[in-house]
Amino acid sequence: MDDPVPVLLLATTDPVSQEILGDELRRRYGADYEVVVCADHAHGHAVLQGLRRWGRTVALVVGCYGPADRKGLDFLRRSYTVHPAAKRAVAVTWGDFTSAPTVFRAVSRGHADLLVLRPERPRDEEFHGAITDALDDWHLAQGGGFEAVRMIGDRRDERAHSLRDMLVRNHIPVGFQPAGSAAAQRMLANLGLHDPELPVLVLQFTSPPTVLENPSNPQIVDAFGLNRPLPADQVFDVVIVGAGPAGLAAAVYASSEGLATIVVEQQAVGGQAGTSSLIRNYPGFSRGVSGAHLAFRSFQQAWVFGAEFVFLRQAESLRDEGAVRTVVLSDGGVVRGRTVVVATGVDYRRLGVPQLEELLGRGVFYGAAVSEAPSLVGQHACVVGGGNSAGQAALHIAKYAVDVTLLVRGPSLAASMSDYLIAQLEATRNVNIRYGTTVVGARERDGSLAAVEVAATGAPGGAPIEEIPAAALFVLIGSVPRTSWLPDTVQRDPAGFLRTGGARDVAEPASGEPSGSPLPLETSLPGVFAIGDVRAGSIKRVATAVGDGATVISLLHGYLAEHPPPARSSPAARGAVPEEPVGDALLD
């Protein structure tokens with residue numbers, strides 16, 4: 001039996017808005033959703049409670065705010081406690097500028113997810129674009145529906161967790177069946193598998209379906225057919241290592257301006273930003289955008305312009321071969337380029353608590369809040385960190401978990417987190433912020449995390465330890481740059497971040513380095529540039545990473561013009577500088 005269709009619920013005391021919005025929602029979405037229109041807020045709240053008792057899913061709650069309805073924002077705020085995973089939209093009328101400050105403040109505090117203008121004409125696509133985007137984000141967070149890949153594995157297995165997270169972050173619809181469940185047993189029987197090596201992946205989009213038992217990352221990519229064999233003699237104009245926001249922006253600009261471009265990504269497009277459930281401060285996205293959506297759109301943009309991608313291969317080393325830089329990959333393959341852009345980003349720092357390390361994938365996660373959050377319905381969770389990533393994770397997890405405890409080492413969030421996120425965290429009833437707190441241990445039950453042990457930051461050994469019940473702990477702290485694959489000739493700061501431009505020590509140039517001032521964003525190895533979080537002194541924000549990616553390509557044109565291609569390079573790798581760079585790229 002199919003699950004009941006999701007519900008779109010509208011509640012307002014404004015009869016005009018009720019008629020207009022109700023008609024628009026029914027006409028456009030009535031075939032795929034059950035549209036419920038309530039004449040007042042008390043009725044709407046009662047219906048929402050009834051839907052929860054009946055196990056019905058609510059995708060969107062719409063309220064109004066204006067002269068004819070001053071209680072709509074309060075209704076949306078209360079709806080969160082009943083259906084926290086539902087998107088909440090506040091509808092306003094065009095020209096009601098006096099209501100704007102109140103509405104904007106409510107959205108910034110998280111009482112509503114998005115602001116929409118009430119349609120004033122038929123086929124108001126601006127209104128429906130906002131609604132459709134909200135429903136798209138809701139479906140992405142919920143999972144389910146079309147399953148391009150079906151997976152059978154142990155929920156407590158770290159490899160199963162990492163594979164599922166990798167697929168979700170790469171925008172691949174995946175359905176997961178726990179090993180031992182009736183559905184998993186039926187799948188294995190239909191596939192003729194007896195006691196297979198888990199996890200098992202079934203690629204539903206191939207004919208016949210491709211079955212992989214405990215596959216390696218390269219085996220998965222080869223089965224998808226995403227990586228083409230690279231000609232050994234091909235020299236690209238630019239090799240970009242890392243497909244986070246900085247690397248993707250560089251790929252868009254490089255490929256759109258005619259440079260032969262290839263991107264190497266070891267895990268998933270989007271980097272750490274791809275794990276963010278909702279980025280609210282990225283310019284141009286007033287309603288916010290999920291990190292996965294932003295990354296996937298940028299990836300598609302670069303792909304359309306002609307950039308090539310090598311997926312799930314890690315850069316192992318970099319060789320300087322005169323006019324060419326060679327990146328050696330984890331599978332033994334090599335990628336050769338006239339320039340290299342390092343955009344490998346950072347990893348979250350480990351807590352260093354042995355009990356937690358033993359529970360990786362079994363309740364303890366570094367990042368990965370988006371893919372794991374739906375499994376926490378009715379449970380308790382903890383998030384460690386004081387930056388924007390931790391705040392976004394806590395808010396997203398709070399839509400599913402009974403409560404979320406944000407554990408912060410310092411006395412405040414003001415210096416490390418955006419103000420709008422702090423306001424939302426403080427306004428979210430099931431989020432508790434604990435300052436001056438350090439994780440010191442854990443308790444497990446049946447092989448999975450059951451509780452987190454904490455103590456006061458800086459407390460001496462033997463200080464009182466408190467236990468916080470938690471089925472999951474998400475750690476989003478610190479920044480460890482991914483630079484170990486680079487040679488020692490590439491200068492780093494004491495923390496391991498790459499020095500570029502004026503931050504380089506040019507008193508003693510590296511071997512073969514030309515005299516003169518280094519280019520901005522260029523490392524101590526000529527022709528090798530660093531952008532995004534891996535660069536020393538960078539601002540850890542998505543927009544600034546994208547700015548780095550755009551800027552570095554303008555610098556590459558000058559470098560390539562001064563360094564002719566090697567004699568054996570292919571015509572596609574000529575590195576010509578366009579007279580007028582194409583402008584319709586990521587930021588234009």
# chains A, B, ... in the order shown; residues from 1 in each chain; ligands from 1

call {"tool": "residues_around", "arguments": {"residues": "Ser375 (chain A)", "least_positions_apart": "5", "cutoff": "12 Å", "atoms": "only C-alpha atoms", "output": "PyMOL selection string"}}
result
chain A and resi 141-143+155+161+176+178+363+369-370+380-381+397-402+471-472

call {"tool": "write_last_selection", "arguments": {"atoms": "C-alpha atoms", "output": "mmCIF file, in the first residue's frame"}}
result
data_model
loop_
_atom_site.group_PDB
_atom_site.id
_atom_site.type_symbol
_atom_site.label_atom_id
_atom_site.label_comp_id
_atom_site.auth_asym_id
_atom_site.auth_seq_id
_atom_site.Cartn_x
_atom_site.Cartn_y
_atom_site.Cartn_z
ATOM 1 C CA ALA A 141 15.929 16.292 3.245
ATOM 2 C CA GLN A 142 13.270 13.591 3.575
ATOM 3 C CA GLY A 143 14.709 11.133 1.100
ATOM 4 C CA ARG A 155 23.193 0.755 10.289
ATOM 5 C CA HIS A 161 27.265 5.171 6.646
ATOM 6 C CA PHE A 176 18.656 2.124 2.430
ATOM 7 C CA PRO A 178 18.934 -2.376 7.172
ATOM 8 C CA GLY A 363 26.339 7.250 16.416
ATOM 9 C CA ALA A 369 24.157 15.874 9.595
ATOM 10 C CA VAL A 370 22.016 16.056 6.454
ATOM 11 C CA HIS A 380 18.252 12.814 21.420
ATOM 12 C CA ALA A 381 21.303 14.249 19.671
ATOM 13 C CA ILE A 397 18.727 17.945 13.312
ATOM 14 C CA ALA A 398 16.200 19.691 15.578
ATOM 15 C CA LYS A 399 13.565 19.143 12.889
ATOM 16 C CA TYR A 400 13.743 15.417 13.591
ATOM 17 C CA ALA A 401 15.230 14.751 17.039
ATOM 18 C CA VAL A 402 13.350 15.236 20.298
ATOM 19 C CA ALA A 471 21.774 8.540 19.952
ATOM 20 C CA ALA A 472 24.043 10.619 17.740
#

call {"tool": "residues_around", "arguments": {"residues": "Val431 (chain A)", "least_positions_apart": "4", "cutoff": "8 Å", "atoms": "only C-alpha atoms", "output": "list in words"}}
result
Ala394, Leu395, Ala398, Asp403, Val404, Thr405, Leu406, Leu425 and Glu426 of chain A

call {"tool": "write_last_selection", "arguments": {"atoms": "N, CA and C atoms", "output": "tab-separated table (two decimals), in the first residue's frame"}}
result
chain	number	residue	atom	x	y	z
A	394	ALA	N	22.75	21.85	13.91
A	394	ALA	CA	21.85	21.76	15.06
A	394	ALA	C	20.42	22.10	14.67
A	395	LEU	N	20.24	23.14	13.87
A	395	LEU	CA	18.89	23.53	13.45
A	395	LEU	C	18.25	22.45	12.58
A	398	ALA	N	17.32	19.39	14.68
A	398	ALA	CA	16.20	19.69	15.58
A	398	ALA	C	14.85	19.48	14.92
A	403	ASP	N	15.31	16.48	20.98
A	403	ASP	CA	16.04	17.67	21.38
A	403	ASP	C	17.49	17.56	20.91
A	404	VAL	N	18.12	18.72	20.77
A	404	VAL	CA	19.51	18.79	20.32
A	404	VAL	C	20.28	19.65	21.32
A	405	THR	N	21.42	19.15	21.78
A	405	THR	CA	22.28	19.92	22.67
A	405	THR	C	23.51	20.35	21.88
A	406	LEU	N	23.71	21.67	21.78
A	406	LEU	CA	24.88	22.21	21.10
A	406	LEU	C	25.96	22.45	22.15
A	425	LEU	N	18.94	29.68	16.76
A	425	LEU	CA	19.19	28.65	17.77
A	425	LEU	C	18.50	29.01	19.09
A	426	GLU	N	18.60	30.26	19.49
A	426	GLU	CA	17.99	30.67	20.74
A	426	GLU	C	16.46	30.64	20.68

call {"tool": "residues_around", "arguments": {"residues": "Ala495 (chain A)", "least_positions_apart": "6", "cutoff": "10 Å", "atoms": "only C-alpha atoms", "output": "list in words"}}
result
Ser479, Val480, Pro481 and Ala536 of chain A

call {"tool": "closest_atom_pairs", "arguments": {"of": "region 167-219 of chain A", "to": "region 290-310 of chain A", "cutoff": "12 Å", "atoms": "only C-alpha atoms", "output": "tab-separated table"}}
result
residue	atom	partner	partner_atom	distance
A:Leu167	CA	A:Ala292	CA	11.2
A:Val168	CA	A:Ala292	CA	8.6
A:Arg169	CA	A:Ala292	CA	6.1
A:Asn170	CA	A:Phe296	CA	7.5
A:His171	CA	A:Phe296	CA	7.1
A:Ile172	CA	A:Phe296	CA	10.5
A:Asn217	CA	A:Val310	CA	11.9
A:Pro218	CA	A:Val310	CA	10.2

call {"tool": "residues_around", "arguments": {"residues": "Gly244 (chain A)", "least_positions_apart": "2", "cutoff": "6 Å", "atoms": "only C-alpha atoms", "output": "ChimeraX atom specification"}}
result
/A:242,246-248,269-271

call {"tool": "write_last_selection", "arguments": {"atoms": "all heavy atoms", "output": "PDB file, in the first residue's frame"}}
result
ATOM      1  N   GLY A 242      39.813  19.391  -5.895  1.00  0.00           N
ATOM      2  CA  GLY A 242      38.791  19.727  -4.915  1.00  0.00           C
ATOM      3  C   GLY A 242      37.591  20.374  -5.571  1.00  0.00           C
ATOM      4  O   GLY A 242      37.734  21.318  -6.351  1.00  0.00           O
ATOM      5  N   ALA A 246      34.914  26.743  -3.794  1.00  0.00           N
ATOM      6  CA  ALA A 246      36.018  27.414  -4.480  1.00  0.00           C
ATOM      7  C   ALA A 246      36.392  26.676  -5.762  1.00  0.00           C
ATOM      8  O   ALA A 246      36.540  27.278  -6.835  1.00  0.00           O
ATOM      9  CB  ALA A 246      37.227  27.510  -3.550  1.00  0.00           C
ATOM     10  N   GLY A 247      36.573  25.355  -5.666  1.00  0.00           N
ATOM     11  CA  GLY A 247      36.950  24.575  -6.833  1.00  0.00           C
ATOM     12  C   GLY A 247      35.903  24.591  -7.922  1.00  0.00           C
ATOM     13  O   GLY A 247      36.222  24.679  -9.119  1.00  0.00           O
ATOM     14  N   LEU A 248      34.630  24.516  -7.543  1.00  0.00           N
ATOM     15  CA  LEU A 248      33.559  24.545  -8.538  1.00  0.00           C
ATOM     16  C   LEU A 248      33.488  25.901  -9.234  1.00  0.00           C
ATOM     17  O   LEU A 248      33.266  25.980 -10.447  1.00  0.00           O
ATOM     18  CB  LEU A 248      32.225  24.215  -7.878  1.00  0.00           C
ATOM     19  CG  LEU A 248      32.050  22.762  -7.428  1.00  0.00           C
ATOM     20  CD1 LEU A 248      30.761  22.598  -6.626  1.00  0.00           C
ATOM     21  CD2 LEU A 248      32.034  21.811  -8.628  1.00  0.00           C
ATOM     22  N   VAL A 269      30.931  16.442  -4.454  1.00  0.00           N
ATOM     23  CA  VAL A 269      30.919  17.838  -4.846  1.00  0.00           C
ATOM     24  C   VAL A 269      30.295  18.667  -3.727  1.00  0.00           C
ATOM     25  O   VAL A 269      29.364  18.239  -3.056  1.00  0.00           O
ATOM     26  CB  VAL A 269      30.138  18.048  -6.154  1.00  0.00           C
ATOM     27  CG1 VAL A 269      30.831  17.376  -7.322  1.00  0.00           C
ATOM     28  CG2 VAL A 269      28.706  17.550  -6.038  1.00  0.00           C
ATOM     29  N   GLY A 270      30.855  19.826  -3.507  1.00  0.00           N
ATOM     30  CA  GLY A 270      30.336  20.715  -2.465  1.00  0.00           C
ATOM     31  C   GLY A 270      31.213  20.812  -1.250  1.00  0.00           C
ATOM     32  O   GLY A 270      31.096  21.772  -0.481  1.00  0.00           O
ATOM     33  N   GLY A 271      32.090  19.822  -1.032  1.00  0.00           N
ATOM     34  CA  GLY A 271      32.936  19.863   0.148  1.00  0.00           C
ATOM     35  C   GLY A 271      32.123  19.949   1.424  1.00  0.00           C
ATOM     36  O   GLY A 271      31.009  19.419   1.521  1.00  0.00           O
TER      37      GLY A 271
END

call {"tool": "select_by_dssp", "arguments": {"residues": "region 69-282 of chain A", "states": "alpha helix (DSSP H)", "output": "VMD selection string"}}
result
chain A and resid 72 to 82 100 to 108 125 to 142 158 to 169 182 to 191 217 to 224 245 to 256

call {"tool": "residues_around", "arguments": {"residues": "region 33-48 of chain A", "least_positions_apart": "6", "cutoff": "8 Å", "atoms": "only C-alpha atoms", "output": "list in words"}}
result
Val5, Pro6, Val7, Leu8, Leu9, Leu10, Ala11, Thr12, Thr13, Pro15, Gln18, Gly22, Leu25, Arg26, Lys71, Gly72, Phe75, Arg78, Ser79, Val82 and His83 of chain A

call {"tool": "closest_residue", "arguments": {"among": "A:Ala112, A:Ala455, A:Ala373, A:Val107", "to": "Gly63 (chain A)", "atoms": "only C-alpha atoms"}}
result
A:Ala112

call {"tool": "select_by_dssp", "arguments": {"residues": "region 247-480 of chain A", "states": "strand (DSSP E or B)", "output": "JSON, numbers by chain"}}
result
{"A": [261, 262, 263, 264, 265, 279, 289, 308, 309, 310, 311, 315, 316, 317, 318, 319, 320, 321, 324, 325, 326, 327, 328, 329, 334, 335, 336, 337, 338, 339, 340, 341, 342, 346, 347, 360, 364, 365, 366, 380, 381, 382, 383, 384, 403, 404, 405, 406, 407, 431, 432, 433, 434, 437, 438, 439, 440, 441, 442, 443, 444, 445, 448, 449, 450, 451, 452, 453, 454, 455, 456, 466, 467, 468, 469, 472, 473, 474, 475, 480]}

call {"tool": "residues_around", "arguments": {"residues": "region 552-558 of chain A", "least_positions_apart": "4", "cutoff": "7 Å", "atoms": "only C-alpha atoms", "output": "list of chain:residue names"}}
result
A:Ala250, A:Tyr253, A:Ala254, A:Leu521, A:Asp548, A:Glu562, A:Val577

call {"tool": "write_last_selection", "arguments": {"atoms": "N, CA, C and O atoms", "output": "compact mmCIF listing (two decimals), in the first residue's frame"}}
result
# COMPACT_ATOMS: atom_id res chain seq x y z
N ALA A 250 35.97 27.97 -9.68
CA ALA A 250 37.11 28.01 -10.59
C ALA A 250 36.83 27.19 -11.85
O ALA A 250 37.18 27.59 -12.97
N TYR A 253 34.41 29.21 -14.19
CA TYR A 253 35.07 30.30 -14.88
C TYR A 253 36.11 29.80 -15.88
O TYR A 253 36.21 30.32 -17.00
N ALA A 254 36.90 28.82 -15.51
CA ALA A 254 37.94 28.32 -16.41
C ALA A 254 37.33 27.71 -17.66
O ALA A 254 37.74 28.03 -18.79
N LEU A 521 47.36 34.59 -4.74
CA LEU A 521 46.82 33.22 -4.72
C LEU A 521 47.81 32.18 -5.24
O LEU A 521 47.49 30.99 -5.26
N ASP A 548 37.35 33.51 -4.45
CA ASP A 548 38.69 32.99 -4.74
C ASP A 548 38.69 32.23 -6.08
O ASP A 548 39.62 32.39 -6.89
N GLU A 562 52.40 33.84 -20.19
CA GLU A 562 53.84 33.97 -20.03
C GLU A 562 54.56 32.63 -20.09
O GLU A 562 55.80 32.60 -20.18
N VAL A 577 44.03 32.89 -24.27
CA VAL A 577 43.31 33.85 -23.45
C VAL A 577 42.21 34.47 -24.28
O VAL A 577 42.47 35.08 -25.32

call {"tool": "closest_residue", "arguments": {"among": "A:Gly129, A:Gly345, A:Pro208, A:Gly458", "to": "Phe497 (chain A)", "atoms": "only C-alpha atoms"}}
result
A:Gly345
